[in-house]
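So this one's start-v2.csv, CSV, C-alpha atoms:
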```csv
chain,number,residue,atom,x,y,z
T,1,GLY,CA,-16.2,21.9,-0.1
T,2,SER,CA,-15.2,19.0,2.1
T,3,THR,CA,-14.1,19.0,5.8
T,4,VAL,CA,-10.4,19.2,6.5
T,5,PHE,CA,-9.7,17.0,9.6
T,6,PRO,CA,-6.4,16.9,11.5
T,7,GLN,CA,-3.5,14.9,10.1
T,8,ALA,CA,-3.2,11.2,11.0
T,9,ILE,CA,-0.4,11.9,13.5
T,10,ALA,CA,-2.8,14.2,15.5
T,11,GLN,CA,-5.6,11.6,15.3
T,12,ALA,CA,-3.3,9.0,16.8
T,13,ALA,CA,-2.3,11.4,19.6
T,14,THR,CA,-5.9,11.2,20.9
T,15,PHE,CA,-5.5,7.5,21.6
T,16,GLU,CA,-9.3,7.2,20.8
T,17,PRO,CA,-10.1,4.8,17.9
T,18,SER,CA,-13.8,5.6,18.4
T,19,LEU,CA,-13.1,9.2,17.5
T,20,VAL,CA,-11.3,8.2,14.4
T,21,ARG,CA,-14.2,5.9,13.5
T,22,ARG,CA,-16.7,8.8,13.8
T,23,MET,CA,-14.4,11.0,11.7
T,24,ALA,CA,-14.1,8.3,8.9
T,25,GLY,CA,-17.9,8.0,8.9
T,26,VAL,CA,-18.2,11.7,8.2
T,27,ILE,CA,-15.6,11.4,5.4
T,28,ALA,CA,-17.6,8.5,3.9
T,29,ASP,CA,-20.7,10.6,3.9
T,30,GLU,CA,-18.9,13.5,2.1
T,31,MET,CA,-17.5,11.0,-0.4
T,32,THR,CA,-21.1,9.9,-1.2
T,33,ALA,CA,-22.1,13.5,-1.7
T,34,ILE,CA,-19.5,13.9,-4.5
T,35,GLY,CA,-19.8,10.4,-6.0
T,36,ALA,CA,-16.5,8.9,-4.7
T,37,GLU,CA,-16.4,5.2,-3.8
T,38,GLN,CA,-12.7,4.6,-3.0
T,39,VAL,CA,-10.3,6.4,-0.6
T,40,LEU,CA,-6.5,6.0,-0.7
T,41,ALA,CA,-6.2,5.6,3.0
T,42,PRO,CA,-5.5,4.7,5.8
T,43,ASP,CA,-1.7,5.0,6.0
T,44,LEU,CA,-0.4,2.1,8.1
T,45,ASP,CA,3.3,3.0,7.8
T,46,VAL,CA,5.3,2.5,11.0
T,47,ALA,CA,7.1,5.8,11.3
T,48,ARG,CA,10.5,4.9,12.9
T,49,GLU,CA,12.6,7.6,11.2
T,50,LEU,CA,11.8,11.1,12.4
T,51,ARG,CA,13.7,12.8,9.6
T,52,TRP,CA,11.3,11.4,7.1
T,53,GLY,CA,9.1,14.1,5.7
T,54,ARG,CA,5.9,12.1,5.7
T,55,VAL,CA,5.7,11.2,9.4
T,56,GLU,CA,2.5,13.4,9.7
T,57,GLU,CA,0.7,11.1,7.3
T,58,THR,CA,1.0,8.1,9.7
T,59,PHE,CA,-0.5,7.1,13.0
T,60,GLY,CA,3.0,7.1,14.5
T,61,GLU,CA,5.6,4.6,15.6
T,62,ASP,CA,3.7,1.9,17.5
T,63,PRO,CA,2.3,-1.1,15.4
T,64,TYR,CA,-0.5,-1.8,17.9
T,65,LEU,CA,-1.8,1.8,18.0
T,66,ILE,CA,-1.5,2.0,14.2
T,67,ALA,CA,-3.5,-1.2,13.9
T,68,ARG,CA,-6.2,0.1,16.2
T,69,MET,CA,-6.6,3.4,14.4
T,70,GLY,CA,-6.5,1.7,11.0
T,71,ASN,CA,-9.2,-0.7,11.9
T,72,ALA,CA,-11.4,2.0,13.3
T,73,TYR,CA,-11.0,4.1,10.1
T,74,MET,CA,-11.6,1.1,7.8
T,75,ALA,CA,-14.6,-0.2,9.8
T,76,ALA,CA,-16.5,3.1,9.4
T,77,MET,CA,-15.7,3.2,5.7
T,78,ARG,CA,-16.8,-0.5,5.2
T,79,GLU,CA,-20.1,0.1,7.0
T,80,LYS,CA,-20.9,2.8,4.5
T,81,GLY,CA,-19.9,0.8,1.5
T,82,LYS,CA,-16.6,2.5,0.7
T,83,ILE,CA,-13.4,0.9,-0.6
T,84,THR,CA,-10.4,1.6,1.6
T,85,THR,CA,-6.8,1.3,0.4
T,86,PRO,CA,-4.4,0.7,3.3
T,87,LYS,CA,-0.8,1.6,2.4
T,88,HIS,CA,2.1,1.4,1.9
T,89,PHE,CA,2.8,-2.3,1.7
T,90,LEU,CA,5.4,-2.9,3.0
T,91,ALA,CA,8.0,-1.3,5.4
T,92,HIS,CA,7.8,2.2,4.1
T,93,GLY,CA,8.2,4.3,7.3
T,94,ALA,CA,11.9,4.1,8.1
T,95,PRO,CA,13.8,5.1,4.9
T,96,THR,CA,17.6,5.3,5.3
T,97,GLY,CA,18.6,8.8,6.3
T,98,GLY,CA,15.0,9.9,6.4
T,99,LEU,CA,15.1,10.4,2.6
T,100,ASN,CA,11.8,9.5,0.9
T,101,LEU,CA,12.2,6.6,-1.5
T,102,ALA,CA,15.4,5.4,0.2
T,103,SER,CA,15.6,1.7,1.0
T,104,VAL,CA,14.4,0.5,4.4
T,105,LYS,CA,16.7,-1.9,6.3
T,106,GLY,CA,15.8,-4.4,8.9
T,107,GLY,CA,15.7,-8.0,8.0
T,108,GLU,CA,12.9,-10.6,8.2
T,109,ARG,CA,12.3,-10.4,12.0
T,110,GLU,CA,11.9,-6.6,12.0
T,111,LEU,CA,9.6,-6.9,9.0
T,112,ARG,CA,7.3,-9.2,10.8
T,113,ASP,CA,7.5,-7.7,14.3
T,114,LEU,CA,7.0,-4.1,13.2
T,115,TYR,CA,5.9,-3.4,9.7
T,116,LEU,CA,3.6,-6.4,9.0
T,117,VAL,CA,1.6,-6.1,12.2
T,118,PRO,CA,-0.9,-3.3,11.1
T,119,PHE,CA,-1.5,-4.9,7.7
T,120,LYS,CA,-2.1,-8.3,9.1
T,121,SER,CA,-4.6,-6.9,11.6
T,122,VAL,CA,-6.7,-5.0,9.1
T,123,ILE,CA,-6.7,-7.7,6.5
T,124,GLU,CA,-8.0,-10.2,9.0
T,125,ARG,CA,-10.7,-7.9,10.4
T,126,GLN,CA,-11.7,-5.5,7.6
T,127,LYS,CA,-11.2,-7.6,4.4
T,128,PRO,CA,-10.0,-4.6,2.4
T,129,LEU,CA,-10.8,-4.6,-1.4
T,130,SER,CA,-7.6,-2.9,-2.3
T,131,ILE,CA,-4.1,-2.3,-1.0
T,132,MET,CA,-1.4,0.1,-2.2
T,133,ASN,CA,2.2,-1.2,-2.4
T,134,CYS,CA,5.1,1.1,-1.5
T,135,TYR,CA,7.5,2.5,-4.0
T,136,SER,CA,10.6,1.9,-1.8
T,137,SER,CA,12.7,-1.2,-1.3
T,138,TYR,CA,13.3,-3.4,1.7
T,139,ASP,CA,16.9,-4.5,2.3
T,140,GLY,CA,17.6,-3.5,-1.3
T,141,VAL,CA,14.7,-5.4,-2.9
T,142,ALA,CA,12.3,-3.2,-4.8
T,143,VAL,CA,8.9,-4.2,-3.3
T,144,THR,CA,7.0,-3.3,-6.5
T,145,GLY,CA,8.9,-6.0,-8.4
T,146,SER,CA,8.9,-8.7,-5.7
T,147,PRO,CA,6.6,-11.7,-6.1
T,148,TYR,CA,7.6,-12.7,-2.5
T,149,TYR,CA,6.2,-9.5,-1.0
T,150,ILE,CA,3.2,-8.8,-3.3
T,151,THR,CA,2.0,-12.4,-3.9
T,152,ASP,CA,3.6,-14.9,-1.5
T,153,LEU,CA,3.4,-12.7,1.6
T,154,LEU,CA,0.4,-10.5,0.9
T,155,ARG,CA,-1.9,-13.0,-0.7
T,156,GLY,CA,-0.5,-16.4,0.3
T,157,GLU,CA,0.3,-15.7,3.9
T,158,LEU,CA,-2.0,-12.8,4.9
T,159,GLY,CA,-4.9,-13.9,2.8
T,160,PHE,CA,-5.5,-10.7,1.0
T,161,LYS,CA,-8.3,-11.1,-1.6
T,162,GLY,CA,-8.6,-7.6,-3.2
T,163,TYR,CA,-6.5,-5.8,-5.8
T,164,VAL,CA,-3.1,-4.1,-5.5
T,165,TYR,CA,-3.1,-0.5,-6.6
T,166,SER,CA,0.4,0.7,-7.4
T,167,ASP,CA,1.9,3.6,-5.4
T,168,TRP,CA,2.3,6.6,-7.6
T,169,GLY,CA,4.9,5.9,-10.3
T,170,SER,CA,6.2,2.8,-8.6
T,171,VAL,CA,6.1,0.6,-11.7
T,172,ARG,CA,8.2,3.2,-13.7
T,173,MET,CA,10.6,3.4,-10.7
T,174,LEU,CA,11.7,-0.2,-11.2
T,175,ALA,CA,13.6,1.0,-14.2
T,176,LYS,CA,14.2,4.7,-13.6
T,177,PHE,CA,15.1,4.7,-9.8
T,178,HIS,CA,15.8,1.2,-8.5
T,179,MET,CA,17.6,0.0,-11.7
T,180,ALA,CA,16.0,-3.3,-11.2
T,181,ALA,CA,14.6,-3.4,-14.7
T,182,ALA,CA,16.5,-2.5,-17.9
T,183,SER,CA,13.6,-0.7,-19.6
T,184,ASN,CA,10.0,0.5,-19.1
T,185,GLU,CA,8.8,-2.6,-20.8
T,186,GLU,CA,10.7,-4.9,-18.4
T,187,SER,CA,9.5,-2.9,-15.4
T,188,ALA,CA,5.9,-3.6,-16.6
T,189,LYS,CA,6.7,-7.3,-16.9
T,190,MET,CA,8.3,-7.4,-13.4
T,191,ALA,CA,5.4,-5.5,-11.7
T,192,ILE,CA,2.5,-7.5,-13.2
T,193,GLU,CA,4.3,-10.8,-12.6
T,194,ALA,CA,5.0,-9.7,-9.0
T,195,GLY,CA,1.3,-9.0,-8.5
T,196,ILE,CA,0.7,-5.3,-9.1
T,197,ASP,CA,-2.8,-5.3,-10.6
T,198,LEU,CA,-3.4,-1.6,-11.4
T,199,GLU,CA,-0.7,0.9,-12.3
T,200,ALA,CA,-1.1,4.5,-11.2
T,201,GLY,CA,1.1,7.5,-11.8
T,202,SER,CA,2.9,6.1,-14.8
T,203,GLU,CA,1.9,4.3,-18.0
T,204,ASN,CA,4.3,1.4,-18.4
T,205,TYR,CA,1.4,-1.1,-18.5
T,206,ARG,CA,0.7,0.2,-22.0
T,207,PHE,CA,3.5,-2.2,-23.0
T,208,VAL,CA,1.7,-5.2,-21.6
T,209,GLU,CA,-0.3,-6.1,-24.8
T,210,ASP,CA,2.9,-6.1,-26.9
T,211,LEU,CA,4.7,-8.2,-24.3
T,212,VAL,CA,2.0,-10.8,-24.4
T,213,ARG,CA,1.9,-10.8,-28.3
T,214,SER,CA,5.7,-11.2,-28.5
T,215,GLY,CA,5.6,-14.1,-26.0
T,216,LYS,CA,7.6,-12.3,-23.3
T,217,LEU,CA,4.7,-12.3,-20.9
T,218,ASP,CA,2.2,-15.1,-20.1
T,219,GLU,CA,-1.3,-13.9,-20.7
T,220,GLU,CA,-2.3,-15.5,-17.4
T,221,TYR,CA,-0.8,-12.6,-15.5
T,222,VAL,CA,-3.0,-10.1,-17.3
T,223,ASP,CA,-6.0,-12.3,-16.6
T,224,ARG,CA,-5.0,-12.4,-12.9
T,225,ALA,CA,-4.6,-8.7,-12.6
T,226,ALA,CA,-7.9,-7.9,-14.4
T,227,GLY,CA,-9.7,-10.5,-12.4
T,228,ASN,CA,-8.4,-9.0,-9.1
T,229,VAL,CA,-9.6,-5.6,-10.1
```

Take the structure I supplied and represent it as structure tokens, if you would.
Amino acid sequence: GSTVFPQAIAQAATFEPSLVRRMAGVIADEMTAIGAEQVLAPDLDVARELRWGRVEETFGEDPYLIARMGNAYMAAMREKGKITTPKHFLAHGAPTGGLNLASVKGGERELRDLYLVPFKSVIERQKPLSIMNCYSSYDGVAVTGSPYYITDLLRGELGFKGYVYSDWGSVRMLAKFHMAAASNEESAKMAIEAGIDLEAGSENYRFVEDLVRSGKLDEEYVDRAAGNV
């Protein structure tokens, strides 16, 4: 019963942030009508790989335009008291060979000149209450299990104060896809220590209590995650 608006790539093609802001206001009103308080949007991925099957979810290839559209969308939501979840942190839009989940390559300079730009902008201006991490890796490092990306960069450098909502199944993928963890238990430990506050799409955080009781995980990480949420 809700309105279906054009995909983000079509919104970006208007080059009119004010139009996107009006649209987001309507979406917020419809959310209120059904009792929804949080939206898993906007998508701030910088789409630099045209073979990638999710290009249409993005605002395109230009970090400046993406930032303008993302800010417009989030400003409207914020005005109406809704929680936005900009995604996917970080560097998700150029997977190798265009294959979803494949690692993105680029180095530190490209990370900062391209992929970080929209996130830096919306965090400074909109103060989002949540952010979704990506389930891919950057230069071979799985972002979900990286304290550098999720804590040092996102919180320490960019000043993000909300909570990190895991991309769908990304905690489980540390063991099942990236082979960065030896087990589901270890993937839960890696993710919560890295700074993933809420797990979605998988249930590996069910091991957290046992990890704490066995002394394998410091309880402070559980307190931190719960406090952020």

Who sits within 6 Å of segment 200-206 of chain T, all atoms listed in the file, same chain under 3 positions skipped, as a PyMOL selection string: chain T and resi 166+168-169+184+188

Neighbour list for Thr144 of chain T as a PyMOL selection string, cut-off 12 Å, all atoms listed in the file, skip fewer than 6 positions in-chain: chain T and resi 88-90+92+132-138+150-151+164-175+177-178+180-181+187-199

From T:Leu153, T:Ala94, T:Ile27, T:Val212, residue lying nearest Glu49 of chain T [all atoms listed in the file]: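 Among the listed residues, T:Ala94 lies closest to Glu49 of chain T.
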
Selected residue, from T:Val46, T:Val55, T:Ala75, T:Leu211, that lies nearest to Val20 of chain T when counting only C-alpha atoms: T:Ala75

Given all atoms listed in the file as the counted atoms, nearest of T:Thr96, T:Gln11, T:Thr85, T:Asn71 to Gly140 of chain T: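 Among the listed residues, the smallest separation from Gly140 of chain T belongs to T:Thr96.
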
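Nearest residue to Ser103 of chain T among T:Ala142, T:Ile123, T:Ala67, T:Ile83 is T:Ala142, counting only C-alpha atoms.
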
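Between atom CA of Val39 of chain T and atom CA of Leu19 of chain T there is a distance of 18.5 Å.
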
Distance criterion (all atoms listed in the file): nearest to Asp29 of chain T out of T:Lys176, T:Lys120, T:Lys82, T:Arg112: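 Among the listed residues, the smallest separation from Asp29 of chain T belongs to T:Lys82.
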
Atom-to-atom span, atom CA of Lys87 of chain T and atom CA of Met23 of chain T, Å: 19.0 Å

Using all atoms listed in the file, determine which residues lie at most 9 Å from Leu99 of chain T, disregarding the query and same-chain residues fewer than 5 positions distant; provide the list as a PDB file with C-alpha atoms, keeping the file's coordinate frame.
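Contents of around00.pdb, as written:
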```pdb
ATOM      1  CA  ARG T  51      13.700  12.800   9.600  1.00  0.00           C
ATOM      2  CA  TRP T  52      11.300  11.400   7.100  1.00  0.00           C
ATOM      3  CA  GLY T  53       9.100  14.100   5.700  1.00  0.00           C
ATOM      4  CA  ALA T  94      11.900   4.100   8.100  1.00  0.00           C
TER       5      ALA T  94
END
```

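Atom pair atom CA of Gln126 of chain T / atom CA of Ala8 of chain T: separated by 19.0 Å.
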
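Between Ala36 of chain T and the candidates T:Ile9, T:Leu111, T:Met77, T:Ala182, the tightest atom-to-atom separation, counting only C-alpha atoms, involves T:Met77.
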
Near Glu16 of chain T, within 10 Å and counting all atoms listed in the file, which residues show up once chain neighbours fewer than 4 positions away are dropped, as an mmCIF file with C-alpha atoms, in the coordinates of the input?
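Saved file around37.cif follows:
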```cif
data_model
loop_
_atom_site.group_PDB
_atom_site.id
_atom_site.type_symbol
_atom_site.label_atom_id
_atom_site.label_comp_id
_atom_site.auth_asym_id
_atom_site.auth_seq_id
_atom_site.Cartn_x
_atom_site.Cartn_y
_atom_site.Cartn_z
ATOM 1 C CA GLN T 11 -5.600 11.600 15.300
ATOM 2 C CA ALA T 12 -3.300 9.000 16.800
ATOM 3 C CA VAL T 20 -11.300 8.200 14.400
ATOM 4 C CA ARG T 21 -14.200 5.900 13.500
ATOM 5 C CA LEU T 65 -1.800 1.800 18.000
ATOM 6 C CA ARG T 68 -6.200 0.100 16.200
ATOM 7 C CA MET T 69 -6.600 3.400 14.400
ATOM 8 C CA ALA T 72 -11.400 2.000 13.300
#
```
